[in-house]
>>> print(open('model_28.csv').read())   # CSV, C-alpha atoms
chain,number,residue,atom,x,y,z
A,1029,MET,CA,93.0,84.4,81.7
A,1030,ALA,CA,94.4,81.9,84.2
A,1031,GLN,CA,96.2,83.3,87.2
A,1032,PRO,CA,99.9,82.4,87.1
A,1033,ALA,CA,100.8,79.6,89.5
A,1034,ALA,CA,103.3,81.9,91.3
A,1035,TRP,CA,100.4,84.0,92.6
A,1036,ARG,CA,97.7,81.6,93.5
A,1037,ASP,CA,96.6,81.9,97.2
A,1038,ASP,CA,96.2,78.2,97.9
A,1039,SER,CA,99.6,77.8,99.6
A,1040,THR,CA,100.6,78.5,103.1
A,1041,PRO,CA,101.8,82.1,103.5
A,1042,ALA,CA,105.5,82.5,103.4
A,1043,PRO,CA,108.0,85.3,103.5
A,1044,GLU,CA,107.9,85.3,99.7
A,1045,PRO,CA,105.1,84.1,97.5
A,1046,ALA,CA,105.6,80.6,96.3
A,1047,GLY,CA,106.9,80.2,92.8
A,1048,TRP,CA,109.7,82.7,92.8
A,1049,GLY,CA,112.9,80.9,92.2
A,1050,ASN,CA,116.2,80.9,90.3
A,1051,VAL,CA,115.6,77.7,88.3
A,1052,HIS,CA,114.3,78.3,84.8
A,1053,PRO,CA,114.4,76.4,81.5
A,1054,ALA,CA,116.6,77.5,78.6
A,1055,PRO,CA,115.5,79.1,76.4
A,1056,LEU,CA,112.9,80.8,78.7
A,1057,ALA,CA,109.3,80.2,77.8
A,1058,VAL,CA,107.1,83.3,78.0
A,1059,ASP,CA,104.6,81.6,80.3
A,1060,THR,CA,107.3,80.9,82.9
A,1061,ALA,CA,107.6,84.6,83.8
A,1062,PRO,CA,106.0,85.2,87.3
A,1063,VAL,CA,103.4,87.8,86.3
A,1064,PRO,CA,102.6,90.5,88.9
A,1065,ALA,CA,99.6,89.9,91.2
A,1066,TYR,CA,97.2,92.3,89.4
A,1067,GLY,CA,93.8,92.4,91.1
A,1068,THR,CA,94.7,90.7,94.4
A,1069,GLY,CA,98.1,92.0,95.6
A,1070,SER,CA,99.8,94.6,93.5
A,1071,LEU,CA,100.5,98.3,93.9
A,1072,ALA,CA,97.5,99.1,91.7
A,1073,ASP,CA,95.3,97.4,94.3
A,1074,LEU,CA,96.5,99.4,97.3
A,1075,LEU,CA,94.7,102.8,97.1
A,1076,PRO,CA,91.4,101.2,95.8
A,1077,THR,CA,91.4,99.0,98.8
A,1078,LEU,CA,92.0,101.9,101.2
A,1079,ALA,CA,89.4,104.0,99.5
A,1080,ALA,CA,86.8,101.2,99.6
A,1081,GLY,CA,87.4,101.0,103.3
A,1082,GLN,CA,86.7,104.7,103.6
A,1083,GLY,CA,83.4,104.4,101.7
A,1084,VAL,CA,84.5,106.0,98.4
A,1085,PRO,CA,82.1,104.8,95.7
A,1086,GLY,CA,83.3,102.7,92.9
A,1087,PHE,CA,86.1,100.9,94.6
A,1088,THR,CA,86.5,97.3,95.8
A,1089,HIS,CA,88.5,95.7,98.6
A,1090,SER,CA,91.1,94.1,96.3
A,1091,ILE,CA,93.8,93.2,98.9
A,1092,PRO,CA,91.7,91.1,101.2
A,1093,GLU,CA,94.3,91.0,104.1
A,1094,LEU,CA,93.9,94.8,104.8
A,1095,THR,CA,91.3,96.0,107.2
A,1096,PRO,CA,89.7,99.5,106.9
A,1097,ALA,CA,90.9,102.6,108.7
A,1098,ASP,CA,89.4,106.1,108.8
A,1099,ARG,CA,92.7,107.7,108.1
A,1100,ASN,CA,95.2,106.2,105.7
A,1101,CYS,CA,98.8,107.3,104.9
A,1102,VAL,CA,100.9,105.7,102.1
A,1103,PHE,CA,104.6,106.4,102.4
A,1104,LEU,CA,106.3,105.3,99.2
A,1105,ILE,CA,110.1,104.9,99.3
A,1106,ASP,CA,111.5,104.9,95.8
A,1107,GLY,CA,113.6,101.8,95.2
A,1108,LEU,CA,113.3,100.0,98.5
A,1109,GLY,CA,112.3,96.5,97.6
A,1110,TRP,CA,111.3,93.7,100.0
A,1111,GLU,CA,114.6,91.8,99.6
A,1112,GLN,CA,116.7,94.9,100.3
A,1113,ILE,CA,115.0,95.3,103.7
A,1114,LYS,CA,115.4,91.6,104.5
A,1115,ASN,CA,119.0,91.6,103.6
A,1116,HIS,CA,119.9,94.7,105.7
A,1117,PRO,CA,118.5,94.2,109.2
A,1118,ASP,CA,121.3,96.1,110.9
A,1119,GLU,CA,120.8,99.2,108.7
A,1120,ALA,CA,117.0,99.1,109.0
A,1121,PRO,CA,116.1,97.8,112.5
A,1122,TYR,CA,112.8,99.5,112.7
A,1123,LEU,CA,111.6,98.4,109.2
A,1124,THR,CA,112.9,94.9,109.9
A,1125,SER,CA,110.9,94.8,113.2
A,1126,LEU,CA,107.8,95.5,111.1
A,1127,LEU,CA,108.2,93.0,108.3
A,1128,GLY,CA,105.7,90.7,110.0
A,1129,THR,CA,103.0,93.4,109.6
A,1130,SER,CA,103.4,93.4,105.8
A,1131,ARG,CA,100.2,92.8,103.8
A,1132,GLY,CA,97.8,92.8,106.7
A,1133,GLY,CA,100.0,90.8,109.1
A,1134,THR,CA,100.7,87.9,106.8
A,1135,GLY,CA,104.4,88.8,106.6
A,1136,ARG,CA,104.2,88.7,102.8
A,1137,PRO,CA,105.1,91.3,100.2
A,1138,ILE,CA,103.1,92.6,97.3
A,1139,THR,CA,104.2,93.0,93.7
A,1140,VAL,CA,104.6,96.2,91.7
A,1141,GLY,CA,103.7,95.6,88.1
A,1142,PHE,CA,105.5,95.3,84.8
A,1143,PRO,CA,107.8,96.9,84.1
A,1144,ALA,CA,109.1,97.5,87.7
A,1145,THR,CA,110.0,101.2,87.1
A,1146,THR,CA,109.0,104.4,88.7
A,1147,ALA,CA,106.7,106.1,86.2
A,1148,THR,CA,104.8,102.8,85.7
A,1149,SER,CA,104.5,102.2,89.4
A,1150,LEU,CA,103.5,105.7,90.4
A,1151,ALA,CA,100.8,105.7,87.8
A,1152,SER,CA,99.6,102.3,89.1
A,1153,VAL,CA,99.5,103.6,92.7
A,1154,GLY,CA,97.7,106.8,91.9
A,1155,THR,CA,95.1,105.6,89.4
A,1156,GLY,CA,94.6,102.1,90.9
A,1157,LEU,CA,94.9,100.6,87.4
A,1158,PRO,CA,97.5,98.2,85.9
A,1159,PRO,CA,99.8,99.5,83.2
A,1160,GLY,CA,97.7,98.2,80.3
A,1161,GLU,CA,95.0,100.6,81.3
A,1162,HIS,CA,96.7,103.7,82.6
A,1163,GLY,CA,99.2,103.4,79.7
A,1164,LEU,CA,102.6,104.2,81.3
A,1165,THR,CA,104.0,100.9,80.1
A,1166,GLY,CA,107.7,101.6,80.5
A,1167,TYR,CA,110.5,104.1,81.1
A,1168,THR,CA,110.4,105.0,77.4
A,1169,VAL,CA,107.8,103.9,75.0
A,1170,ARG,CA,106.8,104.7,71.4
A,1171,ASP,CA,104.0,107.2,70.9
A,1172,PRO,CA,101.9,105.6,68.2
A,1173,ASP,CA,100.7,109.1,67.1
A,1174,THR,CA,104.1,110.5,66.4
A,1175,GLY,CA,106.4,107.4,66.1
A,1176,ALA,CA,108.8,109.0,68.6
A,1177,LEU,CA,110.0,107.6,71.9
A,1178,MET,CA,108.3,109.2,74.9
A,1179,ASN,CA,110.1,109.3,78.2
A,1180,GLN,CA,107.3,108.9,80.8
A,1181,LEU,CA,109.4,109.8,83.8
A,1182,ARG,CA,110.8,113.0,82.4
A,1183,TRP,CA,107.8,113.6,80.1
A,1184,LYS,CA,109.9,114.3,77.0
A,1185,PRO,CA,108.9,115.2,74.4
A,1186,TRP,CA,106.0,117.0,76.0
A,1187,THR,CA,102.7,115.3,75.4
A,1188,PRO,CA,99.3,116.5,76.7
A,1189,PRO,CA,99.1,114.7,80.0
A,1190,LYS,CA,95.3,114.1,80.1
A,1191,VAL,CA,95.4,112.7,76.6
A,1192,TRP,CA,98.2,110.3,77.5
A,1193,GLN,CA,96.5,109.2,80.7
A,1194,PRO,CA,92.8,110.1,80.8
A,1195,TYR,CA,91.6,108.2,83.9
A,1196,PRO,CA,90.9,110.0,87.2
A,1197,THR,CA,93.2,109.3,90.1
A,1198,VAL,CA,92.0,107.6,93.3
A,1199,PHE,CA,92.9,110.9,95.1
A,1200,GLN,CA,90.6,112.9,92.9
A,1201,LEU,CA,87.7,110.5,93.5
A,1202,ALA,CA,88.3,110.3,97.2
A,1203,ASP,CA,88.4,114.1,97.4
A,1204,ALA,CA,85.1,114.3,95.5
A,1205,ALA,CA,83.6,111.9,98.0
A,1206,GLY,CA,84.5,114.1,101.0
A,1207,VAL,CA,87.8,112.4,102.1
A,1208,HIS,CA,90.5,114.9,103.2
A,1209,THR,CA,93.2,114.2,100.5
A,1210,ALA,CA,96.7,115.4,100.4
A,1211,GLN,CA,100.1,114.7,98.9
A,1212,VAL,CA,103.2,115.7,100.8
A,1213,SER,CA,106.4,115.6,98.7
A,1214,SER,CA,109.2,117.7,97.3
A,1215,PRO,CA,108.1,121.0,95.7
A,1216,THR,CA,110.0,119.8,92.6
A,1217,PHE,CA,107.2,117.4,91.8
A,1218,GLU,CA,104.2,119.7,92.2
A,1219,GLN,CA,103.7,120.7,88.6
A,1220,THR,CA,105.2,117.8,86.8
A,1221,PRO,CA,103.0,116.0,84.2
A,1222,LEU,CA,103.6,112.7,86.0
A,1223,THR,CA,102.1,114.1,89.1
A,1224,GLN,CA,99.2,115.5,87.1
A,1225,VAL,CA,98.3,112.1,85.6
A,1226,ALA,CA,99.2,109.9,88.6
A,1227,LEU,CA,99.0,111.7,91.9
A,1228,SER,CA,96.8,114.7,91.6
A,1229,GLY,CA,93.7,115.3,93.7
A,1230,GLY,CA,93.1,117.1,96.9
A,1231,THR,CA,96.0,119.4,97.9
A,1232,PHE,CA,99.7,119.1,97.1
A,1233,HIS,CA,102.0,120.3,99.9
A,1234,GLY,CA,105.6,120.9,98.9
A,1235,ARG,CA,108.2,120.4,101.7
A,1236,LEU,CA,111.9,120.3,101.0
A,1237,GLY,CA,113.1,118.5,104.2
A,1238,ALA,CA,112.2,114.8,104.6
A,1239,GLU,CA,111.7,115.2,108.3
A,1240,GLU,CA,109.3,118.0,107.7
A,1241,ARG,CA,107.4,115.9,105.2
A,1242,MET,CA,106.9,113.2,107.9
A,1243,ASP,CA,105.6,115.8,110.4
A,1244,PHE,CA,103.3,117.4,107.9
A,1245,ALA,CA,102.0,114.1,106.7
A,1246,ALA,CA,100.9,113.3,110.2
A,1247,GLU,CA,99.3,116.7,110.5
A,1248,GLN,CA,97.3,116.1,107.3
A,1249,LEU,CA,96.2,112.7,108.5
A,1250,ALA,CA,94.7,114.4,111.6
A,1251,ALA,CA,93.0,117.2,109.5
A,1252,GLY,CA,90.0,115.1,108.5
A,1253,ASP,CA,87.7,112.5,110.0
A,1254,ARG,CA,88.5,110.5,106.9
A,1255,SER,CA,91.9,111.2,105.4
A,1256,LEU,CA,94.0,109.8,102.6
A,1257,VAL,CA,97.6,111.1,102.6
A,1258,TYR,CA,100.5,110.2,100.3
A,1259,THR,CA,104.2,111.0,101.0
A,1260,TYR,CA,107.3,110.1,99.1
A,1261,TYR,CA,111.1,109.8,99.4
A,1262,SER,CA,113.4,109.4,96.4
A,1263,GLU,CA,117.0,109.2,97.5
A,1264,VAL,CA,117.2,105.5,98.3
A,1265,ASP,CA,116.7,104.9,94.6
A,1266,GLY,CA,119.1,107.7,93.6
A,1267,LYS,CA,122.0,106.3,95.6
A,1268,GLY,CA,121.2,102.8,94.4
A,1269,HIS,CA,121.4,103.8,90.7
A,1270,ARG,CA,124.6,105.7,91.2
A,1271,PHE,CA,126.5,103.6,93.7
A,1272,GLY,CA,124.6,100.3,93.9
A,1273,VAL,CA,122.6,98.6,96.7
A,1274,ASP,CA,125.8,97.2,98.1
A,1275,SER,CA,127.4,100.6,98.7
A,1276,ASP,CA,128.0,102.6,101.8
A,1277,ALA,CA,126.1,105.5,100.3
A,1278,TRP,CA,123.0,103.3,99.7
A,1279,ARG,CA,123.3,101.8,103.2
A,1280,GLY,CA,123.4,105.3,104.7
A,1281,GLN,CA,120.2,106.2,102.9
A,1282,LEU,CA,118.5,103.0,104.2
A,1283,MET,CA,119.5,104.0,107.8
A,1284,TYR,CA,118.1,107.5,107.2
A,1285,VAL,CA,114.8,106.3,105.8
A,1286,ASP,CA,114.4,103.8,108.6
A,1287,ARG,CA,114.4,106.7,111.0
A,1288,LEU,CA,111.9,108.6,108.8
A,1289,VAL,CA,109.4,105.8,109.0
A,1290,GLN,CA,109.7,105.6,112.7
A,1291,ARG,CA,109.3,109.4,113.0
A,1292,LEU,CA,106.1,109.3,111.0
A,1293,ALA,CA,104.8,106.2,112.8
A,1294,GLU,CA,105.2,107.7,116.2
A,1295,GLN,CA,103.1,110.7,115.2
A,1296,LEU,CA,100.0,108.9,113.8
A,1297,PRO,CA,96.7,110.4,115.0
A,1298,PRO,CA,94.0,108.1,116.3
A,1299,ARG,CA,92.2,105.7,113.9
A,1300,SER,CA,95.1,105.8,111.4
A,1301,ALA,CA,96.9,103.2,109.3
A,1302,LEU,CA,100.4,103.9,107.8
A,1303,TYR,CA,101.4,101.8,104.9
A,1304,VAL,CA,105.1,101.8,103.9
A,1305,THR,CA,105.8,100.5,100.4
A,1306,ALA,CA,107.9,101.1,97.3
A,1307,ASP,CA,107.8,101.3,93.5
A,1308,HIS,CA,110.3,98.6,92.8
A,1309,GLY,CA,113.4,96.9,94.2
A,1310,MET,CA,116.9,97.0,92.6
A,1311,ILE,CA,119.8,94.8,91.6
A,1312,ASP,CA,123.5,95.7,91.0
A,1313,ILE,CA,124.8,94.7,87.6
A,1314,PRO,CA,128.5,94.0,87.1
A,1315,PHE,CA,130.4,96.0,84.6
A,1316,ASP,CA,131.5,93.2,82.3
A,1317,GLU,CA,130.5,92.1,78.7
A,1318,GLN,CA,128.6,89.1,79.9
A,1319,SER,CA,126.4,91.1,82.3
A,1320,ARG,CA,126.0,94.3,80.1
A,1321,ILE,CA,125.1,93.6,76.5
A,1322,ASP,CA,125.5,96.8,74.5
A,1323,PHE,CA,122.8,97.2,71.9
A,1324,ASP,CA,124.8,99.9,70.2
A,1325,GLU,CA,127.7,97.5,69.6
A,1326,ASP,CA,125.7,94.4,68.8
A,1327,TRP,CA,124.7,94.2,65.1
A,1328,GLU,CA,122.5,91.2,65.6
A,1329,LEU,CA,120.3,92.9,68.1
A,1330,ARG,CA,120.2,96.1,66.0
A,1331,ALA,CA,119.1,94.4,62.8
A,1332,GLY,CA,115.6,95.4,61.8
A,1333,VAL,CA,115.1,97.6,64.9
A,1334,ALA,CA,113.7,101.1,64.4
A,1335,LEU,CA,113.5,102.2,68.0
A,1336,LEU,CA,114.8,100.8,71.3
A,1337,GLY,CA,112.6,101.7,74.3
A,1338,GLY,CA,112.2,100.7,77.9
A,1339,GLU,CA,115.3,100.3,80.0
A,1340,GLY,CA,118.1,97.8,80.5
A,1341,ARG,CA,116.1,95.0,82.2
A,1342,ALA,CA,112.8,95.7,80.5
A,1343,ARG,CA,113.1,96.5,76.9
A,1344,HIS,CA,110.4,97.5,74.4
A,1345,VAL,CA,111.8,96.9,70.9
A,1346,TYR,CA,110.0,98.5,67.9
A,1347,ALA,CA,110.8,96.9,64.6
A,1348,VAL,CA,111.0,98.3,61.1
A,1349,PRO,CA,107.6,97.5,59.5
A,1350,GLY,CA,107.7,94.0,58.2
A,1351,ALA,CA,110.6,92.9,60.3
A,1352,GLU,CA,108.7,92.1,63.5
A,1353,ALA,CA,109.0,88.3,63.2
A,1354,ASP,CA,112.7,88.4,62.3
A,1355,VAL,CA,113.5,90.8,65.2
A,1356,LEU,CA,111.6,88.5,67.7
A,1357,ALA,CA,113.5,85.5,66.4
A,1358,VAL,CA,116.9,87.1,66.7
A,1359,TRP,CA,116.3,88.6,70.2
A,1360,ARG,CA,115.0,85.2,71.4
A,1361,GLU,CA,118.0,83.4,69.9
A,1362,VAL,CA,120.6,85.8,71.3
A,1363,LEU,CA,119.0,86.5,74.7
A,1364,GLY,CA,116.5,83.7,75.2
A,1365,GLU,CA,118.4,82.0,78.0
A,1366,GLN,CA,118.7,85.1,80.1
A,1367,PHE,CA,115.6,87.1,79.2
A,1368,TRP,CA,111.9,86.3,78.8
A,1369,VAL,CA,111.5,87.4,75.2
A,1370,ALA,CA,107.9,87.9,73.9
A,1371,GLY,CA,106.2,89.3,70.9
A,1372,ARG,CA,103.6,92.0,71.7
A,1373,GLU,CA,100.6,89.8,71.6
A,1374,GLU,CA,102.4,87.1,73.6
A,1375,ALA,CA,103.2,89.5,76.4
A,1376,ILE,CA,99.6,90.8,76.4
A,1377,GLU,CA,98.2,87.3,76.4
A,1378,ALA,CA,100.5,86.3,79.3
A,1379,GLY,CA,99.2,89.2,81.3
A,1380,TRP,CA,102.5,91.1,81.7
A,1381,PHE,CA,100.8,94.5,81.6
A,1382,GLY,CA,97.5,93.4,83.3
A,1383,PRO,CA,94.3,91.7,82.3
A,1384,VAL,CA,93.1,94.6,80.1
A,1385,ILE,CA,95.0,96.6,77.4
A,1386,ASP,CA,93.3,99.8,76.3
A,1387,ASP,CA,93.3,100.5,72.6
A,1388,ARG,CA,95.3,103.7,73.0
A,1389,VAL,CA,98.0,101.7,74.9
A,1390,HIS,CA,98.4,98.7,72.5
A,1391,GLY,CA,100.9,100.5,70.2
A,1392,ARG,CA,103.0,101.7,73.1
A,1393,ILE,CA,104.0,98.1,73.8
A,1394,GLY,CA,107.1,96.9,71.9
A,1395,ASP,CA,106.8,94.6,68.9
A,1396,VAL,CA,109.2,92.6,71.1
A,1397,VAL,CA,109.3,92.8,74.9
A,1398,ALA,CA,112.4,91.5,76.7
A,1399,ALA,CA,112.4,91.1,80.5
A,1400,ALA,CA,115.6,90.0,82.2
A,1401,CYS,CA,115.7,86.8,84.3
A,1402,ASP,CA,119.4,86.7,85.1
A,1403,ASP,CA,121.7,89.4,86.4
A,1404,VAL,CA,122.1,91.0,83.0
A,1405,VAL,CA,121.0,94.1,81.1
A,1406,VAL,CA,120.8,95.4,77.5
A,1407,THR,CA,122.4,98.8,77.6
A,1408,ALA,CA,122.7,101.3,74.9
A,1409,SER,CA,126.0,103.2,75.4
A,1410,VAL,CA,125.4,105.7,72.6
A,1411,ARG,CA,121.7,106.3,72.9
A,1412,GLU,CA,121.5,106.1,76.7
A,1413,PRO,CA,124.9,107.0,78.2
A,1414,ASN,CA,123.6,108.0,81.6
A,1415,GLU,CA,121.3,105.0,82.1
A,1416,SER,CA,124.0,102.7,80.8
A,1417,ALA,CA,126.5,103.9,83.4
A,1418,MET,CA,124.2,103.1,86.4
A,1419,VAL,CA,125.2,100.5,88.9
A,1420,GLY,CA,121.8,99.6,90.3
A,1421,MET,CA,119.1,98.6,87.8
A,1422,HIS,CA,115.4,97.5,87.8
A,1423,GLY,CA,112.5,96.8,85.5
A,1424,SER,CA,111.9,93.1,85.2
A,1425,MET,CA,109.8,90.4,87.0
A,1426,THR,CA,112.4,88.9,89.3
A,1427,PRO,CA,111.7,88.8,93.0
A,1428,VAL,CA,114.4,91.5,93.8
A,1429,GLU,CA,112.7,93.9,91.4
A,1430,GLN,CA,109.0,93.0,91.8
A,1431,LEU,CA,108.5,92.3,95.5
A,1432,VAL,CA,107.9,95.4,97.7
A,1433,PRO,CA,106.8,95.7,101.3
A,1434,LEU,CA,103.3,96.7,102.5
A,1435,ILE,CA,104.4,97.4,106.1
A,1436,GLU,CA,101.6,98.5,108.3
A,1437,VAL,CA,101.5,100.6,111.5
A,1438,ARG,CA,98.2,101.4,113.3
A,1439,SER,CA,97.3,103.8,116.0
>>> encode(input="model_28.csv", output="structure tokens")
Amino acid sequence: MAQPAAWRDDSTPAPEPAGWGNVHPAPLAVDTAPVPAYGTGSLADLLPTLAAGQGVPGFTHSIPELTPADRNCVFLIDGLGWEQIKNHPDEAPYLTSLLGTSRGGTGRPITVGFPATTATSLASVGTGLPPGEHGLTGYTVRDPDTGALMNQLRWKPWTPPKVWQPYPTVFQLADAAGVHTAQVSSPTFEQTPLTQVALSGGTFHGRLGAEERMDFAAEQLAAGDRSLVYTYYSEVDGKGHRFGVDSDAWRGQLMYVDRLVQRLAEQLPPRSALYVTADHGMIDIPFDEQSRIDFDEDWELRAGVALLGGEGRARHVYAVPGAEADVLAVWREVLGEQFWVAGREEAIEAGWFGPVIDDRVHGRIGDVVAAACDDVVVTASVREPNESAMVGMHGSMTPVEQLVPLIEVRS
């Protein structure tokens, strides 16, 4: 499969990878979507690269710009995209001062994966695999065994975790290789199925306070000659969804997380590298009929659809048997100037979910997959009232959603 032009490395490094732009044909062709940089510069490549540098068997140095360290800490800030940092230097002076360190000093971001959503991204981080292999291919997807929608963030309805995602995590393999491995996060996440399938391995340390997490993450880094530590903060994403990334509440969270990063960076033990990244960016969507297309009120989009999955900017559409081609044609006709609309096999061939699709994952992908290009969402006011009321959204392959920092601090 040819690598998309947007992610070839034969151009001079720039603040953003070449090829991301606002000009697009209408209707949008599937192959114009800027596919995530699987294998060379995506979230799924981060932990394998760090583990390879620590001598853990079975991993390769996938992000070539990074240099090995004995002690590695990944601080994932939910919802803090590359463009959000660049656009708010006053609220994030410390992070802004470090933008030039991103991706091994190139001053470039990495991509997350498709869709750009928390469950998918956390699974990519923890397993070191693209979505087509780990199988968490959206916010909600159809379970081929039951025919029901499975919410992979909330894990409803309950599904055996190790059946749904059978691969070991990088943390488990690093721990087995003698690396001191720890996760430092909110106690709320310790027993969740998503943590089990994406972030387990070594020891989970629950800490309620964010400052305490930073302090304890630094202690855990120092606890081994080789250490791999993960810590997480969620409220930037929470405020963005509720109030938007142009709100005072969101800006206050950005100011707070800027101080958290500095607090952790100033406590790094010797021979350490801290990597600050995120699971996706975010975009505010206006509350008008042009920007929010309500599936539950649109008879054309509903025709022939058995299940609506995914989320507003990254939809999995499951057709009534026999109606797949008609549903694809209608969605492409109605949304094709604002969304990349692909049939399942088209999306797979284009590499949206990575270069490999496991057999167990194939049926989780929609018969139609629709990814927003413009500032627009497909809501579902009846089926998804809470999600439809959100201000900030994410999920698609636009720069504001896909590009995240890989800020680096070394001791």
>>> closest_residue(input="model_28.csv", among="A:Glu1294, A:Asp1403, A:Asp1316, A:Glu1429", to="Phe1142 in chain A", atoms="only C-alpha atoms")
A:Glu1429
>>> atom_distance(input="model_28.csv", atom1="CA of Glu1361 in chain A", atom2="CA of Pro1055 in chain A")
8.2 Å
>>> atom_distance(input="model_28.csv", atom1="CA of Leu1288 in chain A", atom2="CA of Lys1114 in chain A")
17.9 Å
>>> residues_around(input="model_28.csv", residues="Thr1407 in chain A", least_positions_apart="2", cutoff="9 Å", atoms="only C-alpha atoms", output="PDB file with C-alpha atoms, in the frame of the given file")
ATOM      1  CA  ARG A1320     126.000  94.300  80.100  1.00  0.00           C
ATOM      2  CA  ILE A1321     125.100  93.600  76.500  1.00  0.00           C
ATOM      3  CA  ASP A1322     125.500  96.800  74.500  1.00  0.00           C
ATOM      4  CA  PHE A1323     122.800  97.200  71.900  1.00  0.00           C
ATOM      5  CA  ASP A1324     124.800  99.900  70.200  1.00  0.00           C
ATOM      6  CA  GLU A1339     115.300 100.300  80.000  1.00  0.00           C
ATOM      7  CA  GLY A1340     118.100  97.800  80.500  1.00  0.00           C
ATOM      8  CA  ARG A1341     116.100  95.000  82.200  1.00  0.00           C
ATOM      9  CA  VAL A1405     121.000  94.100  81.100  1.00  0.00           C
ATOM     10  CA  SER A1409     126.000 103.200  75.400  1.00  0.00           C
ATOM     11  CA  ARG A1411     121.700 106.300  72.900  1.00  0.00           C
ATOM     12  CA  GLU A1412     121.500 106.100  76.700  1.00  0.00           C
ATOM     13  CA  PRO A1413     124.900 107.000  78.200  1.00  0.00           C
ATOM     14  CA  GLU A1415     121.300 105.000  82.100  1.00  0.00           C
ATOM     15  CA  SER A1416     124.000 102.700  80.800  1.00  0.00           C
ATOM     16  CA  ALA A1417     126.500 103.900  83.400  1.00  0.00           C
TER      17      ALA A1417
END
>>> atom_distance(input="model_28.csv", atom1="CA of Pro1172 in chain A", atom2="CA of Gln1193 in chain A")
14.1 Å
>>> residues_around(input="model_28.csv", residues="Leu1164 in chain A", least_positions_apart="2", cutoff="8 Å", atoms="all atoms listed in the file", output="PDB file with C-alpha atoms, in the frame of the given file")
ATOM      1  CA  ALA A1147     106.700 106.100  86.200  1.00  0.00           C
ATOM      2  CA  THR A1148     104.800 102.800  85.700  1.00  0.00           C
ATOM      3  CA  ALA A1151     100.800 105.700  87.800  1.00  0.00           C
ATOM      4  CA  PRO A1159      99.800  99.500  83.200  1.00  0.00           C
ATOM      5  CA  GLY A1160      97.700  98.200  80.300  1.00  0.00           C
ATOM      6  CA  HIS A1162      96.700 103.700  82.600  1.00  0.00           C
ATOM      7  CA  GLY A1166     107.700 101.600  80.500  1.00  0.00           C
ATOM      8  CA  TYR A1167     110.500 104.100  81.100  1.00  0.00           C
ATOM      9  CA  GLN A1180     107.300 108.900  80.800  1.00  0.00           C
ATOM     10  CA  GLN A1193      96.500 109.200  80.700  1.00  0.00           C
TER      11      GLN A1193
END
>>> residues_around(input="model_28.csv", residues="Gly1128 in chain A", least_positions_apart="2", cutoff="12 Å", atoms="all atoms listed in the file", output="number ranges by chain")
A: 1041-1044, 1110, 1114, 1122-1126, 1130-1137, 1433-1437
>>> residues_near_point(input="model_28.csv", point="(88.8, 98.2, 82.4)", cutoff="10 Å", atoms="only C-alpha atoms", output="MDAnalysis selection string")
chainID A and resid 1157:1158 1160:1162 1382:1386
>>> closest_residue(input="model_28.csv", among="A:Arg1170, A:Thr1216, A:Glu1247, A:Pro1092", to="Asp1395 in chain A", atoms="all atoms listed in the file")
A:Arg1170
>>> residues_near_point(input="model_28.csv", point="(93.6, 112.8, 100.7)", cutoff="8 Å", atoms="only C-alpha atoms", output="list in words")
Phe1199, Ala1202, Asp1203, Val1207, His1208, Thr1209, Ala1210, Gln1211, Gly1229, Gly1230, Thr1231, Ser1255, Leu1256, Val1257 and Tyr1258 of chain A
>>> closest_residue(input="model_28.csv", among="A:Arg1372, A:Arg1099, A:His1233, A:Arg1438", to="Gln1082 in chain A", atoms="all atoms listed in the file")
A:Arg1099
>>> closest_residue(input="model_28.csv", among="A:Tyr1346, A:Val1396, A:Ala1353, A:Ala1238", to="Val1369 in chain A", atoms="all atoms listed in the file")
A:Val1396
>>> residues_around(input="model_28.csv", residues="Gly1086 in chain A", least_positions_apart="5", cutoff="9 Å", atoms="only C-alpha atoms", output="tab-separated table (two decimals) with C-alpha atoms, in the coordinates of the input")
chain	number	residue	atom	x	y	z
A	1076	PRO	CA	91.40	101.20	95.80
A	1080	ALA	CA	86.80	101.20	99.60
A	1201	LEU	CA	87.70	110.50	93.50
>>> closest_residue(input="model_28.csv", among="A:Ala1120, A:Leu1075, A:Ala1301, A:Val1333", to="Trp1278 in chain A", atoms="only C-alpha atoms")
A:Ala1120
>>> residues_around(input="model_28.csv", residues="Leu1292 in chain A", least_positions_apart="5", cutoff="7 Å", atoms="only C-alpha atoms", output="ChimeraX atom specification")
/A:1242-1243,1246
>>> closest_residue(input="model_28.csv", among="A:Val1419, A:Pro1298, A:Arg1343, A:Thr1220", to="Thr1168 in chain A", atoms="all atoms listed in the file")
A:Arg1343
>>> build_atoms(input="model_28.csv", residues="range 1392-1396 of chain A", atoms="N, CA and C atoms", output="PDB file, in the coordinates of the input")
ATOM      1  N   ARG A1392     101.877 101.288  72.227  1.00  0.00           N
ATOM      2  CA  ARG A1392     103.000 101.700  73.100  1.00  0.00           C
ATOM      3  C   ARG A1392     103.884 100.528  73.453  1.00  0.00           C
ATOM      4  N   ILE A1393     103.303  99.348  73.476  1.00  0.00           N
ATOM      5  CA  ILE A1393     104.000  98.100  73.800  1.00  0.00           C
ATOM      6  C   ILE A1393     104.918  97.734  72.649  1.00  0.00           C
ATOM      7  N   GLY A1394     106.131  97.279  72.925  1.00  0.00           N
ATOM      8  CA  GLY A1394     107.100  96.900  71.900  1.00  0.00           C
ATOM      9  C   GLY A1394     106.568  95.784  70.998  1.00  0.00           C
ATOM     10  N   ASP A1395     107.023  95.771  69.749  1.00  0.00           N
ATOM     11  CA  ASP A1395     106.800  94.600  68.900  1.00  0.00           C
ATOM     12  C   ASP A1395     107.445  93.377  69.572  1.00  0.00           C
ATOM     13  N   VAL A1396     108.549  93.623  70.272  1.00  0.00           N
ATOM     14  CA  VAL A1396     109.200  92.600  71.100  1.00  0.00           C
ATOM     15  C   VAL A1396     109.400  93.208  72.481  1.00  0.00           C
TER      16      VAL A1396
END
